[in-house]
Amino acid sequence: MYLSLKLTKELSLSQHSSLATRSSSLNTALPTVSASDTAFTAESVFDYANEAIIITDAENRVVEVNPAFCELTGFSLEQVKGKTPEAFSILPLDNNRAKRLQRDEIQLRDRSKSQVSYRSHDGQYYPGMMSVNRVRNELGNIHHHVIVLADLSAIPSHARHLKREVYFDALTGLPNLQLLTQLIQESMQHADDKQLPLAICSLDIDYFENINARLGQQVGDVLLASFAQRISHLLFGDDVLARVGGDEFVLLLHHGVDEDFFAQLLASIRQPLMMDGQSVHLTASLGVTFYPHDDAQGDVLLRHANQAMYRAKQRGRDTFHLFDPNHDRMLQVRHEQRQRFIDALAQDELCLYYQPQVDMRRGSVVGVEALIRWQHPEQGLLSPAQFLPIIDTTSLEVDLGEWVINQALRQLTEWHTQGITLPINVNISPTHLLMSNFSQRLSELLARHPDVPPAMLKLEVLESAAMHDVQAALQNMSHCQALGVSFAIDDFGTGFSSLTHLRQLPVSLIKIDQSFVRNMLSDQDDMAIVESVIYMANRFKRPMLAEGVETLDHAKALMALGCGLAQGYGIARPMPAQALPGWLASWPDRTEWCSLAHALR
């Protein structure tokens, strides 16, 4: 394949410099030769090329053929010299109106490419790809033609007796999907053998259904055939264009191509086509993957190109998108992780741990926060940081949120029978909170547990959750408050609009983020933030609770600043539900914590 393209390049250079104009990416695939050895290189390539090469004069009559042509067709130079290719049975595949229009257009171009049938050495006719480069002299007159005839050898020998309709699209004469899959395999093998890249491109005409409906199917068919021919003219001798469905095409590009090439391809597509006196403007979306950078099987490469093409459509159409195999592998891993999480949710591998919250002034336990854990059968107990990022901003956050609320309500019912009446704080993701039916679903979950007062359930939302859509957040929170459920702002101080929206949000508790509390005794900046948050909450008359309280010194400093509620490792680590009754029983013995208010007097 590549030798024939090099020959065309070198012979053209020796006759007329205009044919040396190629994209920079394609130039990198060609060898650099000096003027002194161009003829030798051209002759060498001509003799050893794998594809059949025919040199014809200005009237398209044969003056030279290479050994590959003789081997492929069984004709010697003496038998074909002075004849046109049609005279020795290299014929167009079809003779319909669309093909005639295309062939007329070919006559006006210096470079063309078309599907043909040729008679092989065994006397049978086989499909081939014929590329023609018209070479001009210094005056611009036609000097000769360089014709490359490529056998579509991907068709297995045992299937060559089948009708060509099995392998070629009836409208355009291009390879169809069945032949394309075989051509991809051959192209991959060639790329491996020659250590050269291969680009697989999925191309889809934008809004073609609308165009087809407006112009009619007959004109639409001619438009598709003309479009296919236009794309063919932009390709090089061994490149392949296939039609795999309605307005969907696939390109196999055997030369190094870059983003400039694809931009030029799309720009050429934008040029109007004339259909029955009408100027028709088309655009296309293009998805590209590169082998062997994308080291996958042929059908997978085609799927990756399709994925990239749909991504181009999502980006607004009339553009191209390059498939990133590394990103795709990451997405595959993420998909598998999410599927595993779905299984965990269905198989009761998730559980809730509970961390007590205390009133330091009274020394009493005022509630617990429910914290999700994953009891993984192989990896053991996993913290939220190990799996929650997997489902971030997906609908799984809603599924998990409803599961947590339901589990918390069940736990409240069970604790009530044990004489424990502590409210449970449940964390709600922004994705969940902003669902239009959030309050309705919460009402349904509460109805399943009629023995639980709604006030025993408190929802913690991140400060940023309300910032995504303030009005939607306010509406949902107000509806929940009407049900008797209260809200707390979690991780307060880490957002960007605290002062702006604090007065609007219907919250009954502000939680000071543990990242500030933990280092407040050793970091002046963190201490300043904690002081500011406490001052602001007091000014707005909102209760506050400090997270990350690890020592008595933390507790004393917070109380001195005006914060009386706390949770953290210094008080208790998160624990399974069955461990809470025992911890509650032992809490009064923690005299150093229960008597903090007296110690500060």
# chains A, B, ... in the order shown; residues from 1 in each chain; ligands from 1
>>> closest_atom_pairs(of="range 424-532 of chain A", to="range 335-352 of chain A", cutoff="12 Å", atoms="only C-alpha atoms", output="CSV")
residue,atom,partner,partner_atom,distance
A:Ile424,CA,A:Leu352,CA,11.1
A:Asn425,CA,A:Leu352,CA,11.6
A:Val426,CA,A:Leu352,CA,10.1
A:Asn427,CA,A:Leu352,CA,11.5
>>> select_by_dssp(residues="range 93-279 of chain A", states="alpha helix (DSSP H)", output="PyMOL selection string")
chain A and resi 97-106+177-194+208-215+217-233+259-270
>>> write_last_selection(atoms="C-alpha atoms", output="PDB file, in the first residue's frame")
ATOM      1  CA  ARG A  97     -27.124   8.186 -12.662  1.00  0.00           C
ATOM      2  CA  ALA A  98     -25.243   8.879  -9.462  1.00  0.00           C
ATOM      3  CA  LYS A  99     -22.183   7.040 -10.775  1.00  0.00           C
ATOM      4  CA  ARG A 100     -22.294   8.941 -14.046  1.00  0.00           C
ATOM      5  CA  LEU A 101     -22.392  12.229 -12.171  1.00  0.00           C
ATOM      6  CA  GLN A 102     -19.453  11.123 -10.102  1.00  0.00           C
ATOM      7  CA  ARG A 103     -17.375  10.002 -13.102  1.00  0.00           C
ATOM      8  CA  ASP A 104     -18.060  13.331 -14.829  1.00  0.00           C
ATOM      9  CA  GLU A 105     -16.720  15.073 -11.748  1.00  0.00           C
ATOM     10  CA  ILE A 106     -13.633  12.827 -11.727  1.00  0.00           C
ATOM     11  CA  LEU A 177     -19.760  -3.078   6.980  1.00  0.00           C
ATOM     12  CA  GLN A 178     -19.117  -6.748   6.264  1.00  0.00           C
ATOM     13  CA  LEU A 179     -16.157  -5.987   4.021  1.00  0.00           C
ATOM     14  CA  LEU A 180     -14.995  -3.160   6.277  1.00  0.00           C
ATOM     15  CA  THR A 181     -14.509  -5.486   9.242  1.00  0.00           C
ATOM     16  CA  GLN A 182     -12.169  -7.592   7.113  1.00  0.00           C
ATOM     17  CA  LEU A 183     -10.374  -4.536   5.723  1.00  0.00           C
ATOM     18  CA  ILE A 184      -9.758  -3.315   9.257  1.00  0.00           C
ATOM     19  CA  GLN A 185      -8.078  -6.585  10.150  1.00  0.00           C
ATOM     20  CA  GLU A 186      -5.887  -6.391   7.045  1.00  0.00           C
ATOM     21  CA  SER A 187      -5.022  -2.767   7.743  1.00  0.00           C
ATOM     22  CA  MET A 188      -4.083  -3.587  11.329  1.00  0.00           C
ATOM     23  CA  GLN A 189      -1.799  -6.364  10.136  1.00  0.00           C
ATOM     24  CA  HIS A 190      -0.193  -4.018   7.627  1.00  0.00           C
ATOM     25  CA  ALA A 191       0.273  -1.374  10.330  1.00  0.00           C
ATOM     26  CA  ASP A 192       1.955  -3.964  12.565  1.00  0.00           C
ATOM     27  CA  ASP A 193       4.235  -5.197   9.789  1.00  0.00           C
ATOM     28  CA  LYS A 194       5.325  -1.719   8.706  1.00  0.00           C
ATOM     29  CA  PHE A 208     -29.234  14.219   7.315  1.00  0.00           C
ATOM     30  CA  GLU A 209     -32.740  12.978   8.122  1.00  0.00           C
ATOM     31  CA  ASN A 210     -34.006  16.555   7.887  1.00  0.00           C
ATOM     32  CA  ILE A 211     -32.186  17.102   4.580  1.00  0.00           C
ATOM     33  CA  ASN A 212     -33.523  13.839   3.180  1.00  0.00           C
ATOM     34  CA  ALA A 213     -37.073  14.747   4.193  1.00  0.00           C
ATOM     35  CA  ARG A 214     -36.762  18.171   2.560  1.00  0.00           C
ATOM     36  CA  LEU A 215     -35.199  17.083  -0.739  1.00  0.00           C
ATOM     37  CA  GLN A 217     -35.195  10.242  -0.992  1.00  0.00           C
ATOM     38  CA  GLN A 218     -34.167  10.163  -4.658  1.00  0.00           C
ATOM     39  CA  VAL A 219     -32.198  13.402  -4.424  1.00  0.00           C
ATOM     40  CA  GLY A 220     -30.967  12.300  -1.023  1.00  0.00           C
ATOM     41  CA  ASP A 221     -29.499   9.155  -2.544  1.00  0.00           C
ATOM     42  CA  VAL A 222     -27.684  11.161  -5.211  1.00  0.00           C
ATOM     43  CA  LEU A 223     -26.476  13.497  -2.473  1.00  0.00           C
ATOM     44  CA  LEU A 224     -25.060  10.574  -0.495  1.00  0.00           C
ATOM     45  CA  ALA A 225     -23.320   9.202  -3.578  1.00  0.00           C
ATOM     46  CA  SER A 226     -21.831  12.614  -4.400  1.00  0.00           C
ATOM     47  CA  PHE A 227     -20.805  13.094  -0.783  1.00  0.00           C
ATOM     48  CA  ALA A 228     -19.053   9.718  -0.832  1.00  0.00           C
ATOM     49  CA  GLN A 229     -17.216  10.658  -4.017  1.00  0.00           C
ATOM     50  CA  ARG A 230     -16.117  13.973  -2.524  1.00  0.00           C
ATOM     51  CA  ILE A 231     -14.636  12.213   0.495  1.00  0.00           C
ATOM     52  CA  SER A 232     -12.923   9.697  -1.794  1.00  0.00           C
ATOM     53  CA  HIS A 233     -11.188  12.537  -3.617  1.00  0.00           C
ATOM     54  CA  GLU A 259      -5.738  17.349  13.721  1.00  0.00           C
ATOM     55  CA  ASP A 260      -5.062  19.691  10.804  1.00  0.00           C
ATOM     56  CA  PHE A 261      -5.997  16.894   8.414  1.00  0.00           C
ATOM     57  CA  PHE A 262      -9.347  16.353  10.127  1.00  0.00           C
ATOM     58  CA  ALA A 263     -10.029  20.093  10.233  1.00  0.00           C
ATOM     59  CA  GLN A 264      -9.347  20.264   6.485  1.00  0.00           C
ATOM     60  CA  LEU A 265     -11.582  17.256   5.904  1.00  0.00           C
ATOM     61  CA  LEU A 266     -14.494  18.893   7.727  1.00  0.00           C
ATOM     62  CA  ALA A 267     -13.846  22.181   5.913  1.00  0.00           C
ATOM     63  CA  SER A 268     -14.075  20.374   2.557  1.00  0.00           C
ATOM     64  CA  ILE A 269     -17.335  18.759   3.616  1.00  0.00           C
ATOM     65  CA  ARG A 270     -18.771  22.207   4.336  1.00  0.00           C
TER      66      ARG A 270
END
>>> residues_around(residues="range 299-311 of chain A", least_positions_apart="3", cutoff="10 Å", atoms="only C-alpha atoms", output="mmCIF file with N, CA and C atoms, in the first residue's frame")
data_model
loop_
_atom_site.group_PDB
_atom_site.id
_atom_site.type_symbol
_atom_site.label_atom_id
_atom_site.label_comp_id
_atom_site.auth_asym_id
_atom_site.auth_seq_id
_atom_site.Cartn_x
_atom_site.Cartn_y
_atom_site.Cartn_z
ATOM 1 N N LEU A 180 -15.799 -4.065 5.453
ATOM 2 C CA LEU A 180 -14.995 -3.160 6.277
ATOM 3 C C LEU A 180 -14.341 -3.898 7.441
ATOM 4 N N THR A 181 -15.079 -4.769 8.101
ATOM 5 C CA THR A 181 -14.509 -5.486 9.242
ATOM 6 C C THR A 181 -13.289 -6.297 8.821
ATOM 7 N N GLN A 182 -13.320 -6.837 7.612
ATOM 8 C CA GLN A 182 -12.169 -7.592 7.113
ATOM 9 C C GLN A 182 -11.039 -6.655 6.696
ATOM 10 N N ILE A 184 -10.384 -3.810 8.028
ATOM 11 C CA ILE A 184 -9.758 -3.315 9.257
ATOM 12 C C ILE A 184 -8.700 -4.298 9.741
ATOM 13 N N GLN A 185 -9.041 -5.579 9.718
ATOM 14 C CA GLN A 185 -8.078 -6.585 10.150
ATOM 15 C C GLN A 185 -6.838 -6.562 9.268
ATOM 16 N N ALA A 199 -5.428 5.130 11.298
ATOM 17 C CA ALA A 199 -6.528 5.909 11.872
ATOM 18 C C ALA A 199 -7.848 5.318 11.414
ATOM 19 N N ILE A 200 -8.720 5.002 12.364
ATOM 20 C CA ILE A 200 -10.072 4.524 12.073
ATOM 21 C C ILE A 200 -11.018 5.666 12.416
ATOM 22 N N CYS A 201 -11.766 6.128 11.440
ATOM 23 C CA CYS A 201 -12.590 7.330 11.600
ATOM 24 C C CYS A 201 -14.059 7.001 11.318
ATOM 25 N N SER A 202 -14.912 7.356 12.233
ATOM 26 C CA SER A 202 -16.354 7.221 12.042
ATOM 27 C C SER A 202 -16.921 8.587 11.698
ATOM 28 N N LEU A 203 -17.611 8.690 10.564
ATOM 29 C CA LEU A 203 -18.106 9.967 10.064
ATOM 30 C C LEU A 203 -19.612 9.877 9.848
ATOM 31 N N ASP A 204 -20.323 10.846 10.377
ATOM 32 C CA ASP A 204 -21.787 10.859 10.267
ATOM 33 C C ASP A 204 -22.236 12.253 9.842
ATOM 34 N N GLU A 248 -23.847 7.116 7.510
ATOM 35 C CA GLU A 248 -22.685 6.794 8.330
ATOM 36 C C GLU A 248 -21.589 6.170 7.467
ATOM 37 N N VAL A 250 -17.164 5.184 7.287
ATOM 38 C CA VAL A 250 -15.944 4.885 8.045
ATOM 39 C C VAL A 250 -14.752 5.057 7.114
ATOM 40 N N ALA A 284 -20.489 17.484 9.085
ATOM 41 C CA ALA A 284 -20.377 16.119 9.578
ATOM 42 C C ALA A 284 -19.700 16.115 10.939
ATOM 43 N N SER A 285 -19.957 15.070 11.680
ATOM 44 C CA SER A 285 -19.282 14.827 12.957
ATOM 45 C C SER A 285 -18.341 13.649 12.767
ATOM 46 N N LEU A 286 -17.131 13.794 13.278
ATOM 47 C CA LEU A 286 -16.077 12.821 13.012
ATOM 48 C C LEU A 286 -15.473 12.337 14.322
ATOM 49 N N GLY A 287 -15.389 11.021 14.467
ATOM 50 C CA GLY A 287 -14.722 10.418 15.617
ATOM 51 C C GLY A 287 -13.542 9.594 15.148
ATOM 52 N N VAL A 288 -12.423 9.710 15.842
ATOM 53 C CA VAL A 288 -11.180 9.094 15.379
ATOM 54 C C VAL A 288 -10.518 8.326 16.513
ATOM 55 N N THR A 289 -10.010 7.150 16.183
ATOM 56 C CA THR A 289 -9.120 6.441 17.099
ATOM 57 C C THR A 289 -7.915 5.957 16.314
ATOM 58 N N PHE A 290 -6.776 5.881 16.985
ATOM 59 C CA PHE A 290 -5.515 5.544 16.333
ATOM 60 C C PHE A 290 -5.002 4.187 16.831
ATOM 61 N N TYR A 291 -4.703 3.331 15.884
ATOM 62 C CA TYR A 291 -4.051 2.055 16.183
ATOM 63 C C TYR A 291 -2.578 2.188 15.791
ATOM 64 N N PRO A 292 -1.608 1.715 16.622
ATOM 65 C CA PRO A 292 -1.790 0.835 17.786
ATOM 66 C C PRO A 292 -1.870 1.558 19.126
ATOM 67 N N ASP A 294 -4.395 2.923 20.372
ATOM 68 C CA ASP A 294 -5.590 2.247 20.885
ATOM 69 C C ASP A 294 -5.438 0.777 20.509
ATOM 70 N N ASP A 295 -4.839 0.017 21.385
ATOM 71 C CA ASP A 295 -4.457 -1.370 21.084
ATOM 72 C C ASP A 295 -5.625 -2.294 21.401
ATOM 73 N N ALA A 296 -6.572 -2.371 20.464
ATOM 74 C CA ALA A 296 -7.786 -3.169 20.667
ATOM 75 C C ALA A 296 -8.064 -3.991 19.417
ATOM 76 N N GLN A 314 -22.155 15.509 20.591
ATOM 77 C CA GLN A 314 -22.509 16.132 21.864
ATOM 78 C C GLN A 314 -21.852 17.498 22.022
ATOM 79 N N ARG A 315 -20.699 17.645 21.407
ATOM 80 C CA ARG A 315 -19.975 18.920 21.511
ATOM 81 C C ARG A 315 -20.531 19.974 20.561
ATOM 82 N N GLY A 316 -21.547 19.644 19.775
ATOM 83 C CA GLY A 316 -22.178 20.631 18.920
ATOM 84 C C GLY A 316 -22.164 20.314 17.443
ATOM 85 N N ARG A 317 -21.617 19.151 17.040
ATOM 86 C CA ARG A 317 -21.554 18.738 15.637
ATOM 87 C C ARG A 317 -20.561 19.610 14.850
ATOM 88 N N THR A 319 -17.614 18.941 14.002
ATOM 89 C CA THR A 319 -16.299 18.926 14.635
ATOM 90 C C THR A 319 -15.821 17.489 14.713
ATOM 91 N N PHE A 320 -14.608 17.306 15.212
ATOM 92 C CA PHE A 320 -14.085 15.957 15.380
ATOM 93 C C PHE A 320 -13.656 15.760 16.828
ATOM 94 N N HIS A 321 -13.616 14.508 17.224
ATOM 95 C CA HIS A 321 -13.185 14.167 18.579
ATOM 96 C C HIS A 321 -12.261 12.972 18.498
ATOM 97 N N LEU A 322 -11.142 13.042 19.209
ATOM 98 C CA LEU A 322 -10.160 11.966 19.212
ATOM 99 C C LEU A 322 -10.390 11.068 20.415
ATOM 100 N N PHE A 323 -10.502 9.782 20.145
ATOM 101 C CA PHE A 323 -10.713 8.812 21.221
ATOM 102 C C PHE A 323 -9.435 8.680 22.045
ATOM 103 N N ASP A 324 -9.582 8.681 23.365
ATOM 104 C CA ASP A 324 -8.448 8.531 24.276
ATOM 105 C C ASP A 324 -8.556 7.177 24.965
ATOM 106 N N PRO A 325 -7.720 6.207 24.577
ATOM 107 C CA PRO A 325 -7.842 4.867 25.181
ATOM 108 C C PRO A 325 -7.578 4.862 26.676
ATOM 109 N N ASP A 328 -10.672 6.026 28.222
ATOM 110 C CA ASP A 328 -11.686 4.982 28.077
ATOM 111 C C ASP A 328 -11.474 3.863 29.092
#
>>> residues_around(residues="range 558-565 of chain A", least_positions_apart="5", cutoff="6 Å", atoms="only C-alpha atoms", output="mmCIF file with all heavy atoms, in the first residue's frame")
data_model
loop_
_atom_site.group_PDB
_atom_site.id
_atom_site.type_symbol
_atom_site.label_atom_id
_atom_site.label_comp_id
_atom_site.auth_asym_id
_atom_site.auth_seq_id
_atom_site.Cartn_x
_atom_site.Cartn_y
_atom_site.Cartn_z
ATOM 1 N N VAL A 358 -22.585 15.617 71.238
ATOM 2 C CA VAL A 358 -22.860 15.956 72.642
ATOM 3 C C VAL A 358 -22.995 17.462 72.830
ATOM 4 O O VAL A 358 -22.454 18.256 72.034
ATOM 5 C CB VAL A 358 -21.740 15.427 73.566
ATOM 6 C CG1 VAL A 358 -21.627 13.914 73.449
ATOM 7 C CG2 VAL A 358 -20.407 16.088 73.270
ATOM 8 N N ASP A 359 -23.739 17.809 73.882
ATOM 9 C CA ASP A 359 -23.817 19.186 74.353
ATOM 10 C C ASP A 359 -22.783 19.315 75.463
ATOM 11 O O ASP A 359 -22.954 18.752 76.556
ATOM 12 C CB ASP A 359 -25.224 19.484 74.877
ATOM 13 C CG ASP A 359 -25.399 20.943 75.289
ATOM 14 O OD1 ASP A 359 -24.389 21.586 75.648
ATOM 15 O OD2 ASP A 359 -26.538 21.431 75.268
ATOM 16 N N MET A 360 -21.697 20.028 75.179
ATOM 17 C CA MET A 360 -20.589 20.084 76.139
ATOM 18 C C MET A 360 -20.958 20.872 77.390
ATOM 19 O O MET A 360 -20.377 20.644 78.459
ATOM 20 C CB MET A 360 -19.356 20.703 75.458
ATOM 21 C CG MET A 360 -18.800 19.863 74.319
ATOM 22 S SD MET A 360 -17.293 20.547 73.557
ATOM 23 C CE MET A 360 -17.956 21.989 72.715
ATOM 24 N N ARG A 361 -21.900 21.800 77.282
ATOM 25 C CA ARG A 361 -22.294 22.572 78.456
ATOM 26 C C ARG A 361 -23.081 21.719 79.451
ATOM 27 O O ARG A 361 -22.970 21.886 80.663
ATOM 28 C CB ARG A 361 -23.129 23.775 78.027
ATOM 29 C CG ARG A 361 -22.353 24.813 77.214
ATOM 30 C CD ARG A 361 -23.175 26.085 77.026
ATOM 31 N NE ARG A 361 -22.435 27.101 76.297
ATOM 32 C CZ ARG A 361 -22.452 27.244 74.984
ATOM 33 N NH1 ARG A 361 -23.181 26.401 74.245
ATOM 34 N NH2 ARG A 361 -21.753 28.188 74.399
ATOM 35 N N LEU A 545 -22.398 23.286 65.646
ATOM 36 C CA LEU A 545 -21.751 22.078 66.160
ATOM 37 C C LEU A 545 -20.390 21.951 65.491
ATOM 38 O O LEU A 545 -20.286 22.074 64.268
ATOM 39 C CB LEU A 545 -22.605 20.838 65.877
ATOM 40 C CG LEU A 545 -22.092 19.495 66.387
ATOM 41 C CD1 LEU A 545 -23.257 18.580 66.777
ATOM 42 C CD2 LEU A 545 -21.218 18.786 65.339
#
>>> select_by_dssp(residues="range 256-475 of chain A", states="strand (DSSP E)", output="number ranges by chain")
A: 273-275, 278-280, 284-291, 320-322, 350-359, 364-376, 380-382, 424-428, 457-462
>>> atom_distance(atom1="CA of Ser478 in chain A", atom2="CA of Leu459 in chain A")
12.5 Å
>>> atom_distance(atom1="CA of Arg410 in chain A", atom2="CA of Gln375 in chain A")
19.1 Å
>>> residues_around(residues="Ala58 in chain A", least_positions_apart="6", cutoff="10 Å", atoms="only C-alpha atoms", output="list of chain:residue names")
A:Arg134, A:Val135, A:Arg136, A:Asn141, A:Ile142, A:His143, A:His144, A:His145
>>> closest_residue(among="A:Gln297, A:Asn476, A:Thr417, A:Thr591", to="Val452 in chain A", atoms="only C-alpha atoms")
A:Thr417
>>> residues_around(residues="range 63-76 of chain A", least_positions_apart="4", cutoff="6 Å", atoms="only C-alpha atoms", output="number ranges by chain")
A: 47, 50-56, 81, 120-121
>>> write_last_selection(atoms="all heavy atoms", output="short mmCIF file (atom, residue, chain, number, x, y, z; two decimals), in the first residue's frame")
data_model
loop_
_atom_site.label_atom_id
_atom_site.label_comp_id
_atom_site.auth_asym_id
_atom_site.auth_seq_id
_atom_site.Cartn_x
_atom_site.Cartn_y
_atom_site.Cartn_z
N ASP A 47 9.16 -1.16 -9.24
CA ASP A 47 9.39 -2.58 -9.47
C ASP A 47 8.94 -3.45 -8.30
O ASP A 47 8.47 -4.57 -8.50
CB ASP A 47 10.88 -2.84 -9.76
CG ASP A 47 11.29 -2.31 -11.13
OD1 ASP A 47 10.40 -2.16 -11.98
OD2 ASP A 47 12.49 -2.04 -11.32
N ASN A 50 3.75 -3.59 -3.96
CA ASN A 50 2.80 -4.70 -3.86
C ASN A 50 1.56 -4.47 -4.72
O ASN A 50 0.92 -5.42 -5.16
CB ASN A 50 2.37 -4.90 -2.40
CG ASN A 50 3.50 -5.44 -1.55
OD1 ASN A 50 4.31 -6.21 -2.03
ND2 ASN A 50 3.54 -5.02 -0.29
N GLU A 51 1.19 -3.20 -4.92
CA GLU A 51 0.01 -2.88 -5.71
C GLU A 51 0.37 -2.76 -7.19
O GLU A 51 1.49 -2.41 -7.56
CB GLU A 51 -0.64 -1.58 -5.23
CG GLU A 51 -1.56 -1.75 -4.04
CD GLU A 51 -0.78 -1.96 -2.75
OE1 GLU A 51 0.36 -1.51 -2.69
OE2 GLU A 51 -1.32 -2.60 -1.84
N ALA A 52 -0.63 -3.02 -8.01
CA ALA A 52 -0.45 -2.88 -9.46
C ALA A 52 -0.38 -1.40 -9.81
O ALA A 52 -1.23 -0.61 -9.39
CB ALA A 52 -1.60 -3.54 -10.19
N ILE A 53 0.64 -1.00 -10.58
CA ILE A 53 0.82 0.39 -10.98
C ILE A 53 0.84 0.46 -12.50
O ILE A 53 1.53 -0.32 -13.17
CB ILE A 53 2.12 0.98 -10.41
CG1 ILE A 53 2.09 0.89 -8.88
CG2 ILE A 53 2.31 2.42 -10.86
CD1 ILE A 53 3.38 1.31 -8.23
N ILE A 54 0.08 1.42 -13.02
CA ILE A 54 -0.04 1.61 -14.46
C ILE A 54 0.30 3.06 -14.76
O ILE A 54 -0.22 3.98 -14.12
CB ILE A 54 -1.47 1.31 -14.96
CG1 ILE A 54 -1.95 -0.05 -14.44
CG2 ILE A 54 -1.55 1.39 -16.47
CD1 ILE A 54 -3.45 -0.24 -14.56
N ILE A 55 1.21 3.28 -15.71
CA ILE A 55 1.51 4.63 -16.17
C ILE A 55 0.87 4.78 -17.54
O ILE A 55 1.12 3.99 -18.46
CB ILE A 55 3.03 4.87 -16.28
CG1 ILE A 55 3.72 4.47 -14.97
CG2 ILE A 55 3.32 6.33 -16.63
CD1 ILE A 55 3.29 5.27 -13.78
N THR A 56 0.04 5.81 -17.70
CA THR A 56 -0.61 6.07 -18.99
C THR A 56 -0.24 7.47 -19.47
O THR A 56 0.13 8.34 -18.66
CB THR A 56 -2.14 5.94 -18.89
OG1 THR A 56 -2.65 6.97 -18.02
CG2 THR A 56 -2.55 4.59 -18.36
N LYS A 81 -0.01 -2.40 -23.71
CA LYS A 81 0.62 -1.14 -24.12
C LYS A 81 -0.18 -0.46 -25.22
O LYS A 81 -0.60 -1.08 -26.20
CB LYS A 81 2.05 -1.40 -24.60
CG LYS A 81 2.88 -0.11 -24.73
CD LYS A 81 4.35 -0.44 -24.93
CE LYS A 81 5.19 0.83 -24.94
NZ LYS A 81 6.63 0.53 -25.07
N SER A 120 -8.80 -10.76 -13.33
CA SER A 120 -7.56 -11.29 -12.76
C SER A 120 -6.94 -12.32 -13.70
O SER A 120 -7.51 -12.65 -14.76
CB SER A 120 -7.84 -11.90 -11.39
OG SER A 120 -6.64 -12.35 -10.80
N HIS A 121 -5.79 -12.83 -13.30
CA HIS A 121 -5.07 -13.79 -14.14
C HIS A 121 -5.83 -15.09 -14.34
O HIS A 121 -5.55 -15.84 -15.28
CB HIS A 121 -3.69 -14.09 -13.53
CG HIS A 121 -3.77 -14.61 -12.12
ND1 HIS A 121 -4.06 -15.91 -11.82
CD2 HIS A 121 -3.62 -13.96 -10.94
CE1 HIS A 121 -4.08 -16.06 -10.51
NE2 HIS A 121 -3.81 -14.89 -9.95
#
>>> atom_distance(atom1="CA of Ala472 in chain A", atom2="CA of Ser429 in chain A")
14.0 Å
>>> residues_around(residues="Leu552 in chain A", least_positions_apart="2", cutoff="9 Å", atoms="only C-alpha atoms", output="PyMOL selection string")
chain A and resi 549-550+554-557+570+592-593+596
>>> write_last_selection(atoms="N, CA and C atoms", output="PDB file, in the first residue's frame")
ATOM      1  N   VAL A 549     -13.542  17.300  66.945  1.00  0.00           N
ATOM      2  CA  VAL A 549     -13.100  17.598  68.315  1.00  0.00           C
ATOM      3  C   VAL A 549     -12.371  16.365  68.858  1.00  0.00           C
ATOM      4  N   GLU A 550     -11.066  16.491  69.056  1.00  0.00           N
ATOM      5  CA  GLU A 550     -10.258  15.322  69.396  1.00  0.00           C
ATOM      6  C   GLU A 550      -9.721  15.347  70.826  1.00  0.00           C
ATOM      7  N   HIS A 554      -9.475  21.134  72.739  1.00  0.00           N
ATOM      8  CA  HIS A 554     -10.356  21.580  71.649  1.00  0.00           C
ATOM      9  C   HIS A 554     -11.714  21.990  72.217  1.00  0.00           C
ATOM     10  N   ALA A 555     -12.260  21.131  73.058  1.00  0.00           N
ATOM     11  CA  ALA A 555     -13.589  21.375  73.604  1.00  0.00           C
ATOM     12  C   ALA A 555     -13.623  22.671  74.418  1.00  0.00           C
ATOM     13  N   LYS A 556     -12.611  22.885  75.264  1.00  0.00           N
ATOM     14  CA  LYS A 556     -12.585  24.088  76.105  1.00  0.00           C
ATOM     15  C   LYS A 556     -12.459  25.346  75.240  1.00  0.00           C
ATOM     16  N   ALA A 557     -11.614  25.295  74.196  1.00  0.00           N
ATOM     17  CA  ALA A 557     -11.443  26.457  73.338  1.00  0.00           C
ATOM     18  C   ALA A 557     -12.733  26.784  72.591  1.00  0.00           C
ATOM     19  N   GLY A 570     -12.362  12.541  70.043  1.00  0.00           N
ATOM     20  CA  GLY A 570     -12.177  12.714  71.477  1.00  0.00           C
ATOM     21  C   GLY A 570     -13.395  12.309  72.273  1.00  0.00           C
ATOM     22  N   GLU A 592     -14.577  13.866  82.809  1.00  0.00           N
ATOM     23  CA  GLU A 592     -13.820  15.006  82.304  1.00  0.00           C
ATOM     24  C   GLU A 592     -14.575  15.734  81.195  1.00  0.00           C
ATOM     25  N   TRP A 593     -15.429  14.994  80.481  1.00  0.00           N
ATOM     26  CA  TRP A 593     -16.238  15.598  79.435  1.00  0.00           C
ATOM     27  C   TRP A 593     -17.572  16.101  79.993  1.00  0.00           C
ATOM     28  N   LEU A 596     -17.323  19.649  81.793  1.00  0.00           N
ATOM     29  CA  LEU A 596     -16.606  20.730  81.125  1.00  0.00           C
ATOM     30  C   LEU A 596     -17.156  22.100  81.515  1.00  0.00           C
TER      31      LEU A 596
END
